[in-house]
file query.cif (mmCIF, C-alpha atoms)
data_target
loop_
_atom_site.label_atom_id
_atom_site.label_comp_id
_atom_site.auth_asym_id
_atom_site.auth_seq_id
_atom_site.Cartn_x
_atom_site.Cartn_y
_atom_site.Cartn_z
CA MET A 1 0.00 0.00 0.00
CA LEU A 2 1.25 3.50 -0.82
CA SER A 3 2.50 5.37 2.24
CA ARG A 4 0.19 8.30 1.39
CA VAL A 5 -2.89 6.07 1.62
CA ALA A 6 -1.73 4.34 4.80
CA ASP A 7 -0.97 7.73 6.36
CA SER A 8 -4.43 9.13 5.58
CA LEU A 9 -6.32 6.06 6.78
CA TYR A 10 -4.27 5.88 9.98
CA TRP A 11 -4.81 9.55 10.84
CA MET A 12 -8.46 9.55 9.80
CA SER A 13 -9.04 6.83 12.38
CA ARG A 14 -6.96 8.50 15.10
CA TYR A 15 -8.67 11.86 14.70
CA LEU A 16 -12.15 10.33 14.96
CA GLU A 17 -11.15 8.32 18.03
CA ARG A 18 -9.66 11.47 19.57
CA GLY A 19 -12.82 13.45 18.85
CA GLU A 20 -15.03 10.78 20.39
CA ASN A 21 -12.81 10.62 23.48
CA THR A 22 -13.02 14.39 23.93
CA VAL A 23 -16.81 14.42 23.57
CA ARG A 24 -17.28 11.58 26.03
CA GLN A 25 -15.02 13.08 28.69
CA LEU A 26 -16.62 16.50 28.29
CA ASP A 27 -20.10 14.99 28.66
CA VAL A 28 -19.08 13.19 31.87
CA ALA A 29 -17.31 16.25 33.30
CA MET A 30 -20.31 18.48 32.71
CA SER A 31 -22.62 15.92 34.33
CA LEU A 32 -20.40 15.78 37.43
CA MET A 33 -20.38 19.58 37.62
CA LEU A 34 -24.11 19.44 38.35
CA ASP A 35 -23.35 17.81 41.73
CA SER A 36 -23.06 20.80 44.06
CA GLY A 37 -21.78 18.59 46.88
CA GLY A 38 -18.74 17.39 44.99
CA ALA A 39 -15.65 19.06 43.61
CA SER A 40 -15.84 22.49 42.06
CA ALA A 41 -16.46 23.08 38.36
CA GLU A 42 -12.88 24.31 38.08
CA THR A 43 -11.55 21.05 39.52
CA HIS A 44 -13.56 18.99 37.06
CA TRP A 45 -12.47 21.17 34.16
CA ASN A 46 -8.80 20.97 35.12
CA ARG A 47 -9.05 17.19 35.32
CA LEU A 48 -10.64 17.10 31.86
CA PHE A 49 -7.95 19.50 30.65
CA SER A 50 -5.21 17.19 31.98
CA ALA A 51 -6.82 14.03 30.58
CA LEU A 52 -6.86 15.63 27.12
CA GLY A 53 -3.13 16.35 27.29
CA LYS A 54 -3.33 19.97 28.53
CA PRO A 55 -3.93 21.60 25.13
CA ALA A 56 -3.08 25.30 25.16
CA GLY A 57 -5.99 27.72 25.03
CA PHE A 58 -8.52 25.75 27.10
CA GLU A 59 -7.58 26.94 30.56
CA TRP A 60 -10.39 27.53 33.05
CA ASN A 61 -12.00 30.96 32.65
CA GLY A 62 -14.85 30.59 35.12
CA ASP A 63 -17.53 29.94 32.48
CA VAL A 64 -18.37 26.27 31.96
CA ASN A 65 -20.56 26.82 28.91
CA SER A 66 -18.11 29.00 26.97
CA ASN A 67 -15.25 26.60 27.72
CA ALA A 68 -17.32 23.64 26.55
CA GLN A 69 -18.46 25.41 23.39
CA LYS A 70 -14.87 26.31 22.52
CA LEU A 71 -13.68 22.74 23.11
CA VAL A 72 -16.35 21.39 20.77
CA PHE A 73 -16.66 24.02 18.02
CA ASP A 74 -13.39 26.01 17.80
CA LYS A 75 -12.38 25.15 14.23
CA HIS A 76 -9.00 26.86 14.63
CA HIS A 77 -7.78 24.87 17.64
CA PRO A 78 -6.25 21.45 16.84
CA ALA A 79 -7.58 19.91 20.07
CA SER A 80 -11.25 20.78 19.49
CA VAL A 81 -13.79 18.19 18.39
CA ALA A 82 -14.61 20.19 15.24
CA CYS A 83 -10.94 20.32 14.25
CA CYS A 84 -10.55 16.55 14.79
CA ILE A 85 -13.55 15.89 12.53
CA ASP A 86 -12.27 18.37 9.93
CA ALA A 87 -8.89 16.62 9.92
CA ALA A 88 -10.50 13.17 9.63
CA ARG A 89 -12.62 14.32 6.68
CA GLU A 90 -9.64 15.92 4.94
CA ASN A 91 -7.65 12.70 5.26
CA ALA A 92 -10.63 10.76 3.88
CA ARG A 93 -10.98 13.23 0.99
CA GLN A 94 -7.36 12.71 0.00
CA ILE A 95 -7.89 8.97 -0.43
CA ARG A 96 -11.54 9.02 -1.49
CA GLU A 97 -11.00 6.09 -3.85
CA GLU A 98 -9.80 3.85 -0.98
CA ILE A 99 -12.92 4.10 1.19
CA SER A 100 -16.52 3.16 0.50
CA THR A 101 -19.26 5.59 -0.53
CA GLU A 102 -21.04 4.84 2.74
CA GLN A 103 -17.96 5.79 4.77
CA TRP A 104 -17.60 9.07 2.93
CA GLN A 105 -21.30 9.90 3.29
CA ARG A 106 -21.32 9.29 7.05
CA LEU A 107 -18.16 11.35 7.62
CA ASN A 108 -19.36 14.12 5.33
CA ARG A 109 -22.68 14.34 7.18
CA LEU A 110 -20.86 14.62 10.50
CA TYR A 111 -18.63 17.35 9.07
CA HIS A 112 -21.62 19.40 7.87
CA GLN A 113 -23.43 18.81 11.17
CA MET A 114 -20.47 20.28 13.07
CA HIS A 115 -20.37 23.35 10.79
CA ALA A 116 -24.10 24.06 10.78
CA PRO A 117 -24.97 27.23 12.77
CA SER A 118 -28.02 25.44 14.16
CA THR A 119 -25.76 22.89 15.90
CA GLU A 120 -24.07 25.56 18.03
CA THR A 121 -27.46 27.06 18.83
CA GLN A 122 -28.78 23.66 19.86
CA PHE A 123 -25.63 23.07 21.94
CA ARG A 124 -26.36 26.18 24.00
CA ALA A 125 -29.89 24.88 24.63
CA ASN A 126 -29.21 21.15 25.12
CA GLN A 127 -25.57 20.11 25.31
CA ASN A 128 -26.23 16.43 26.02
CA ASP A 129 -28.23 15.93 22.82
CA VAL A 130 -25.52 17.45 20.63
CA LEU A 131 -22.69 15.53 22.29
CA GLY A 132 -24.69 12.31 22.01
CA SER A 133 -25.39 12.89 18.32
CA ILE A 134 -21.67 13.38 17.62
CA ILE A 135 -20.80 10.11 19.35
CA ASP A 136 -23.62 8.33 17.48
CA ALA A 137 -22.27 9.62 14.15
CA ILE A 138 -18.72 8.45 14.93
CA HIS A 139 -20.02 5.03 15.99
CA LEU A 140 -22.00 4.81 12.77
CA PHE A 141 -18.89 5.59 10.74
CA LYS A 142 -16.95 2.85 12.55
CA GLY A 143 -19.71 0.32 11.95
CA VAL A 144 -19.96 1.26 8.27
CA SER A 145 -16.17 0.99 7.95
CA ASP A 146 -16.20 -2.54 9.33
CA THR A 147 -19.08 -3.67 7.11
CA THR A 148 -18.41 -1.94 3.77
CA MET A 149 -14.61 -1.92 3.47
CA ILE A 150 -12.40 -4.80 2.34
CA HIS A 151 -10.53 -6.09 5.37
CA GLY A 152 -7.16 -5.61 3.74
CA GLN A 153 -4.21 -3.38 4.55
CA GLY A 154 -6.23 -0.18 4.54
CA TRP A 155 -8.72 -1.49 7.07
CA HIS A 156 -5.88 -2.69 9.29
CA PHE A 157 -4.31 0.78 9.26
CA ILE A 158 -7.69 2.13 10.41
CA ARG A 159 -7.70 -0.41 13.27
CA LEU A 160 -4.10 0.43 14.11
CA GLY A 161 -4.90 4.13 14.45
CA ARG A 162 -8.05 3.47 16.47
CA TYR A 163 -6.49 1.15 19.02
CA LEU A 164 -3.24 3.07 19.45
CA GLU A 165 -5.13 6.32 20.08
CA ARG A 166 -7.48 4.53 22.48
CA ALA A 167 -4.71 2.88 24.51
CA TYR A 168 -2.88 6.18 24.88
CA ALA A 169 -6.04 8.10 25.83
CA ILE A 170 -7.17 5.60 28.47
CA ALA A 171 -3.69 5.42 30.00
CA THR A 172 -3.68 9.23 30.19
CA LEU A 173 -7.14 9.27 31.78
CA LEU A 174 -6.17 6.69 34.41
CA GLU A 175 -2.96 8.52 35.16
CA VAL A 176 -4.95 11.72 35.81
CA TYR A 177 -7.48 9.93 38.05
CA GLN A 178 -4.86 7.84 39.82
CA PRO A 179 -3.79 10.29 42.59
CA HIS A 180 -7.41 11.08 43.50
CA LEU A 181 -9.21 7.73 43.29
CA PHE A 182 -6.63 4.98 43.39
CA HIS A 183 -4.83 6.20 46.50
CA SER A 184 -7.80 5.94 48.81
CA SER A 185 -7.15 4.77 52.36
CA GLY A 186 -9.74 2.03 52.07
CA GLY A 187 -13.02 1.99 53.91
CA GLU A 188 -16.42 2.95 52.62
CA ILE A 189 -16.69 5.03 49.44
CA SER A 190 -18.53 8.32 49.84
CA GLY A 191 -21.41 9.30 47.58
CA TYR A 192 -19.21 11.81 45.78
CA GLN A 193 -16.45 9.22 45.20
CA TYR A 194 -19.04 6.78 43.86
CA LEU A 195 -20.15 9.35 41.27
CA GLU A 196 -16.53 9.98 40.33
CA LEU A 197 -15.94 6.27 39.78
CA VAL A 198 -19.11 5.99 37.69
CA GLY A 199 -17.90 8.99 35.70
CA LEU A 200 -14.55 7.36 35.06
CA LEU A 201 -16.24 4.20 33.77
CA ARG A 202 -18.60 6.26 31.60
CA CYS A 203 -15.61 8.03 30.03
CA CYS A 204 -14.61 4.60 28.73
CA THR A 205 -18.16 3.34 27.97
CA ALA A 206 -17.42 0.74 30.63
CA PHE A 207 -20.04 1.03 33.38
CA GLU A 208 -22.35 -1.79 32.24
CA ALA A 209 -19.43 -3.99 31.18
CA TYR A 210 -17.75 -3.50 34.57
CA CYS A 211 -20.97 -4.37 36.39
CA GLN A 212 -21.28 -7.59 34.41
CA VAL A 213 -17.85 -8.65 35.67
CA TYR A 214 -17.76 -7.22 39.21
CA THR A 215 -21.41 -6.16 39.94
CA ALA A 216 -22.27 -2.54 40.75
CA ASP A 217 -20.11 -2.61 43.90
CA LEU A 218 -17.53 -0.12 42.64
CA SER A 219 -13.97 -0.48 43.84
CA PRO A 220 -11.09 1.74 42.64
CA ASP A 221 -8.74 -1.26 42.49
CA ARG A 222 -11.17 -3.33 40.45
CA ILE A 223 -11.85 -0.43 38.08
CA LEU A 224 -8.12 -0.01 37.51
CA GLU A 225 -7.79 -3.76 36.90
CA PHE A 226 -10.75 -3.78 34.50
CA LEU A 227 -9.62 -0.80 32.40
CA LEU A 228 -6.00 -1.91 32.37
CA LEU A 229 -5.98 -5.68 32.11
CA ASN A 230 -9.29 -6.98 30.80
CA ARG A 231 -8.70 -8.91 27.58
CA ASP A 232 -12.35 -8.93 26.40
CA PHE A 233 -13.51 -5.32 26.76
CA PRO A 234 -12.82 -3.11 23.70
CA HIS A 235 -11.96 0.00 25.74
CA ALA A 236 -9.53 -1.73 28.09
CA ILE A 237 -5.86 -0.97 27.49
CA ARG A 238 -4.89 -4.63 27.15
CA TYR A 239 -7.58 -5.21 24.51
CA SER A 240 -6.41 -2.11 22.63
CA VAL A 241 -2.77 -3.20 22.72
CA ASP A 242 -3.81 -6.64 21.45
CA GLY A 243 -5.60 -4.81 18.62
CA VAL A 244 -2.44 -2.84 17.77
CA ARG A 245 -0.40 -6.03 17.73
CA GLN A 246 -2.87 -7.87 15.52
CA ALA A 247 -3.13 -4.92 13.13
CA ILE A 248 0.65 -4.79 12.63
CA GLN A 249 0.77 -8.55 12.05
CA SER A 250 -2.14 -8.38 9.61
CA ILE A 251 -0.54 -5.52 7.64
CA GLN A 252 2.47 -7.76 7.09
CA HIS A 253 0.34 -10.81 6.21
CA THR A 254 -1.66 -8.84 3.63
CA GLY A 255 1.42 -7.91 1.67
CA GLY A 256 3.02 -5.23 3.81
CA ARG A 257 6.66 -5.02 4.74
CA ARG A 258 7.91 -7.12 7.63
CA PRO A 259 7.98 -5.01 10.80
CA PRO A 260 11.51 -4.19 12.00
CA ASP A 261 12.76 -5.95 15.11
CA GLU A 262 12.60 -2.71 17.11
CA LEU A 263 8.89 -2.23 16.41
CA THR A 264 8.11 -5.90 17.10
CA ALA A 265 10.07 -5.72 20.37
CA ASN A 266 8.25 -2.59 21.55
CA ILE A 267 4.83 -4.04 20.86
CA GLY A 268 5.82 -7.33 22.48
CA ARG A 269 7.18 -5.53 25.55
CA LEU A 270 3.96 -3.57 26.03
CA HIS A 271 1.85 -6.68 25.44
CA ALA A 272 3.90 -8.62 28.01
CA MET A 273 3.54 -5.80 30.57
CA LEU A 274 -0.22 -6.14 30.41
CA SER A 275 -0.40 -9.92 30.00
CA PHE A 276 1.98 -11.01 32.77
CA THR A 277 1.48 -8.35 35.44
CA SER A 278 -1.20 -8.72 38.11
CA ILE A 279 -3.18 -5.85 39.56
CA ASN A 280 -1.59 -6.49 42.97
CA GLU A 281 1.89 -6.00 41.52
CA ILE A 282 0.76 -2.73 39.95
CA LEU A 283 -0.87 -1.47 43.16
CA ASN A 284 2.04 -2.52 45.36
CA GLY A 285 4.45 -0.77 43.03
CA ASP A 286 4.16 2.62 41.36
CA ALA A 287 0.85 2.63 39.47
CA ALA A 288 1.47 6.13 38.10
CA ALA A 289 4.82 5.08 36.67
CA PHE A 290 3.23 1.96 35.16
CA LEU A 291 0.61 4.07 33.37
CA HIS A 292 3.20 6.58 32.24
CA THR A 293 5.29 3.76 30.77
CA ILE A 294 2.27 2.60 28.76
CA ARG A 295 1.92 6.10 27.32
CA GLN A 296 5.62 6.23 26.45
CA GLN A 297 5.45 2.83 24.76
CA CYS A 298 2.42 3.92 22.71
CA MET A 299 4.31 7.01 21.54
CA SER A 300 7.34 4.89 20.67
CA ILE A 301 5.21 2.42 18.69
CA HIS A 302 3.65 5.31 16.78
CA GLU A 303 7.05 6.80 15.92
CA LEU A 304 8.50 3.48 14.80
CA MET A 305 5.41 2.54 12.80
CA TYR A 306 5.36 5.96 11.16
CA ARG A 307 9.04 5.87 10.33
CA PHE A 308 8.82 2.36 8.90
CA TYR A 309 5.48 2.35 7.05
CA ILE A 310 4.92 6.02 6.19
CA GLN A 311 8.20 7.92 5.95
CA TYR A 312 10.54 5.18 4.79
CA SER A 313 13.03 5.88 2.02
CA ILE A 314 13.18 4.03 -1.32
CA GLN A 315 16.54 2.56 -0.32
CA SER A 316 15.20 1.10 2.92
CA ALA A 317 12.16 -0.31 1.11
CA LEU A 318 14.33 -2.05 -1.46
CA ALA A 319 16.56 -3.43 1.29
CA ILE A 320 13.74 -5.40 2.91
#

call {"tool": "encode", "arguments": {"input": "query.cif", "output": "structure tokens"}}
result
Amino acid sequence: MLSRVADSLYWMSRYLERGENTVRQLDVAMSLMLDSGGASAETHWNRLFSALGKPAGFEWNGDVNSNAQKLVFDKHHPASVACCIDAARENARQIREEISTEQWQRLNRLYHQMHAPSTETQFRANQNDVLGSIIDAIHLFKGVSDTTMIHGQGWHFIRLGRYLERAYAIATLLEVYQPHLFHSSGGEISGYQYLELVGLLRCCTAFEAYCQVYTADLSPDRILEFLLLNRDFPHAIRYSVDGVRQAIQSIQHTGGRRPPDELTANIGRLHAMLSFTSINEILNGDAAAFLHTIRQQCMSIHELMYRFYIQYSIQSALAI
């Protein structure tokens, strides 16, 4: 596959995943701000701000609604939801012949929805409905991608972008929550802490899935275990890393170049960290450092993958 096509499919997927993550976390943060007995709106916003990587220009200004509107609709800020969707659509436009008509239609509709003046007006009146419609549209695009696109190299680059972005985002989110929720002294969880734990699970679409495994008796340690190490839940880090590993292997099996040893080693190292480490080892050690290492490994995998599959020279390609 041409590096230009792989690049566009990979980034199209990452931008949509990033946009969905931002919408979901904003929706949860704004719901928690309604609880007057909990933390302040500024505290919730700063946590959201940190979980999104501290993008410049979104610092707390005392106005929840204006901050939220800017985070969703500011077309000139690369961290906004609108900018993520614009970037995804532009990448799709550049390789229009590689995706299905249904994919293009769904992404194009989402793009025009984000740019319609009525959407901003509706957001000021009912934020939850607008945020939910954006998530629905992204989910629809993902479903259409899986059911209308040949499951060849291009589709695997889409999966690679999706799972790598997801693993990094969830590790960042857990690292932000870790000092506040995973360092509790034990004992009974307060009502406010319970809402915070529900909010964390909702950020990862994980509340119902968690309850199926552990019941609704929320425990910080079990939540950390579920979101880190569960092999069956699509928004768990281990599942996402397995998806990255399978995507790289499938790209090779469908005619791609053989991954270099350095890339294979990095993916294998991250996979082993999550497969052969128990939650007790993580909790008895430095959980924050463990999460930070996952983020670093994800960044390293991205750089190696990009250097090898996207920016490689003709000489290196011929040498394989």

call {"tool": "residues_around", "arguments": {"input": "query.cif", "residues": "stretch 91-101 of chain A", "least_positions_apart": "5", "cutoff": "10 Å", "atoms": "all atoms listed in the file", "output": "PyMOL selection string"}}
result
chain A and resi 4-13+15+85-86+106-108+144-145+147-150+154-155

call {"tool": "atom_distance", "arguments": {"input": "query.cif", "atom1": "atom CA of A:Pro55", "atom2": "atom CA of A:Ala79"}}
result
6.5 Å

call {"tool": "resolve_selection", "arguments": {"input": "query.cif", "expression": "the PyMOL selection byres ((chain A and resi 140) around 12)", "output": "list in words"}}
result
Leu16, Glu20, Glu102, Gln103, Trp104, Gln105, Arg106, Leu107, Arg109, Leu110, Ser133, Ile134, Ile135, Asp136, Ala137, Ile138, His139, Phe141, Lys142, Gly143, Val144, Ser145, Asp146, Thr147 and Thr148 of chain A

call {"tool": "atom_distance", "arguments": {"input": "query.cif", "atom1": "atom CA of A:Glu59", "atom2": "atom CA of A:Cys84"}}
result
19.1 Å

call {"tool": "closest_residue", "arguments": {"input": "query.cif", "among": "A:Thr254, A:Asn21, A:Ser3, A:Asn65", "to": "A:Phe308", "atoms": "all atoms listed in the file"}}
result
A:Ser3

call {"tool": "residues_around", "arguments": {"input": "query.cif", "residues": "A:Tyr194", "least_positions_apart": "3", "cutoff": "10 Å", "atoms": "all atoms listed in the file", "output": "list in words"}}
result
Leu181, Glu188, Ile189, Ser190, Gly191, Leu197, Val198, Gly199, Leu200, Asp217, Leu218, Ser219 and Pro220 of chain A

call {"tool": "atom_distance", "arguments": {"input": "query.cif", "atom1": "atom CA of A:Arg307", "atom2": "atom CA of A:Glu262"}}
result
11.5 Å

call {"tool": "resolve_selection", "arguments": {"input": "query.cif", "expression": "the PyMOL selection byres ((chain A and resi 288-302) around 9)", "output": "PDB file with C-alpha atoms, in the frame of the given file"}}
result
ATOM      1  CA  GLY A 161      -4.900   4.130  14.450  1.00  0.00           C
ATOM      2  CA  LEU A 164      -3.240   3.070  19.450  1.00  0.00           C
ATOM      3  CA  GLU A 165      -5.130   6.320  20.080  1.00  0.00           C
ATOM      4  CA  ALA A 167      -4.710   2.880  24.510  1.00  0.00           C
ATOM      5  CA  TYR A 168      -2.880   6.180  24.880  1.00  0.00           C
ATOM      6  CA  ALA A 169      -6.040   8.100  25.830  1.00  0.00           C
ATOM      7  CA  ALA A 171      -3.690   5.420  30.000  1.00  0.00           C
ATOM      8  CA  THR A 172      -3.680   9.230  30.190  1.00  0.00           C
ATOM      9  CA  LEU A 174      -6.170   6.690  34.410  1.00  0.00           C
ATOM     10  CA  GLU A 175      -2.960   8.520  35.160  1.00  0.00           C
ATOM     11  CA  VAL A 176      -4.950  11.720  35.810  1.00  0.00           C
ATOM     12  CA  GLN A 178      -4.860   7.840  39.820  1.00  0.00           C
ATOM     13  CA  PRO A 179      -3.790  10.290  42.590  1.00  0.00           C
ATOM     14  CA  LEU A 228      -6.000  -1.910  32.370  1.00  0.00           C
ATOM     15  CA  ILE A 237      -5.860  -0.970  27.490  1.00  0.00           C
ATOM     16  CA  VAL A 241      -2.770  -3.200  22.720  1.00  0.00           C
ATOM     17  CA  LEU A 263       8.890  -2.230  16.410  1.00  0.00           C
ATOM     18  CA  THR A 264       8.110  -5.900  17.100  1.00  0.00           C
ATOM     19  CA  ASN A 266       8.250  -2.590  21.550  1.00  0.00           C
ATOM     20  CA  ILE A 267       4.830  -4.040  20.860  1.00  0.00           C
ATOM     21  CA  ARG A 269       7.180  -5.530  25.550  1.00  0.00           C
ATOM     22  CA  LEU A 270       3.960  -3.570  26.030  1.00  0.00           C
ATOM     23  CA  MET A 273       3.540  -5.800  30.570  1.00  0.00           C
ATOM     24  CA  ILE A 282       0.760  -2.730  39.950  1.00  0.00           C
ATOM     25  CA  GLY A 285       4.450  -0.770  43.030  1.00  0.00           C
ATOM     26  CA  ASP A 286       4.160   2.620  41.360  1.00  0.00           C
ATOM     27  CA  ALA A 287       0.850   2.630  39.470  1.00  0.00           C
ATOM     28  CA  GLU A 303       7.050   6.800  15.920  1.00  0.00           C
ATOM     29  CA  LEU A 304       8.500   3.480  14.800  1.00  0.00           C
ATOM     30  CA  MET A 305       5.410   2.540  12.800  1.00  0.00           C
ATOM     31  CA  TYR A 306       5.360   5.960  11.160  1.00  0.00           C
ATOM     32  CA  ARG A 307       9.040   5.870  10.330  1.00  0.00           C
TER      33      ARG A 307
END

call {"tool": "closest_residue", "arguments": {"input": "query.cif", "among": "A:Arg18, A:Arg24, A:His253, A:Arg245", "to": "A:Arg202", "atoms": "only C-alpha atoms"}}
result
A:Arg24

call {"tool": "resolve_selection", "arguments": {"input": "query.cif", "expression": "the PyMOL selection byres ((chain A and resi 229) around 9)", "output": "ChimeraX atom specification"}}
result
/A:224-228,230-231,236-239,274-275,277-279

call {"tool": "write_last_selection", "arguments": {"input": "query.cif", "atoms": "C-alpha atoms", "output": "mmCIF file, in the frame of the given file"}}
result
data_model
loop_
_atom_site.group_PDB
_atom_site.id
_atom_site.type_symbol
_atom_site.label_atom_id
_atom_site.label_comp_id
_atom_site.auth_asym_id
_atom_site.auth_seq_id
_atom_site.Cartn_x
_atom_site.Cartn_y
_atom_site.Cartn_z
ATOM 1 C CA LEU A 224 -8.120 -0.010 37.510
ATOM 2 C CA GLU A 225 -7.790 -3.760 36.900
ATOM 3 C CA PHE A 226 -10.750 -3.780 34.500
ATOM 4 C CA LEU A 227 -9.620 -0.800 32.400
ATOM 5 C CA LEU A 228 -6.000 -1.910 32.370
ATOM 6 C CA ASN A 230 -9.290 -6.980 30.800
ATOM 7 C CA ARG A 231 -8.700 -8.910 27.580
ATOM 8 C CA ALA A 236 -9.530 -1.730 28.090
ATOM 9 C CA ILE A 237 -5.860 -0.970 27.490
ATOM 10 C CA ARG A 238 -4.890 -4.630 27.150
ATOM 11 C CA TYR A 239 -7.580 -5.210 24.510
ATOM 12 C CA LEU A 274 -0.220 -6.140 30.410
ATOM 13 C CA SER A 275 -0.400 -9.920 30.000
ATOM 14 C CA THR A 277 1.480 -8.350 35.440
ATOM 15 C CA SER A 278 -1.200 -8.720 38.110
ATOM 16 C CA ILE A 279 -3.180 -5.850 39.560
#

call {"tool": "closest_residue", "arguments": {"input": "query.cif", "among": "A:Leu283, A:Ser80, A:Asn46, A:Gly243", "to": "A:Ile158", "atoms": "all atoms listed in the file"}}
result
A:Gly243

call {"tool": "closest_residue", "arguments": {"input": "query.cif", "among": "A:Ala265, A:Ile170, A:Ala216, A:Leu195", "to": "A:Val28", "atoms": "only C-alpha atoms"}}
result
A:Leu195
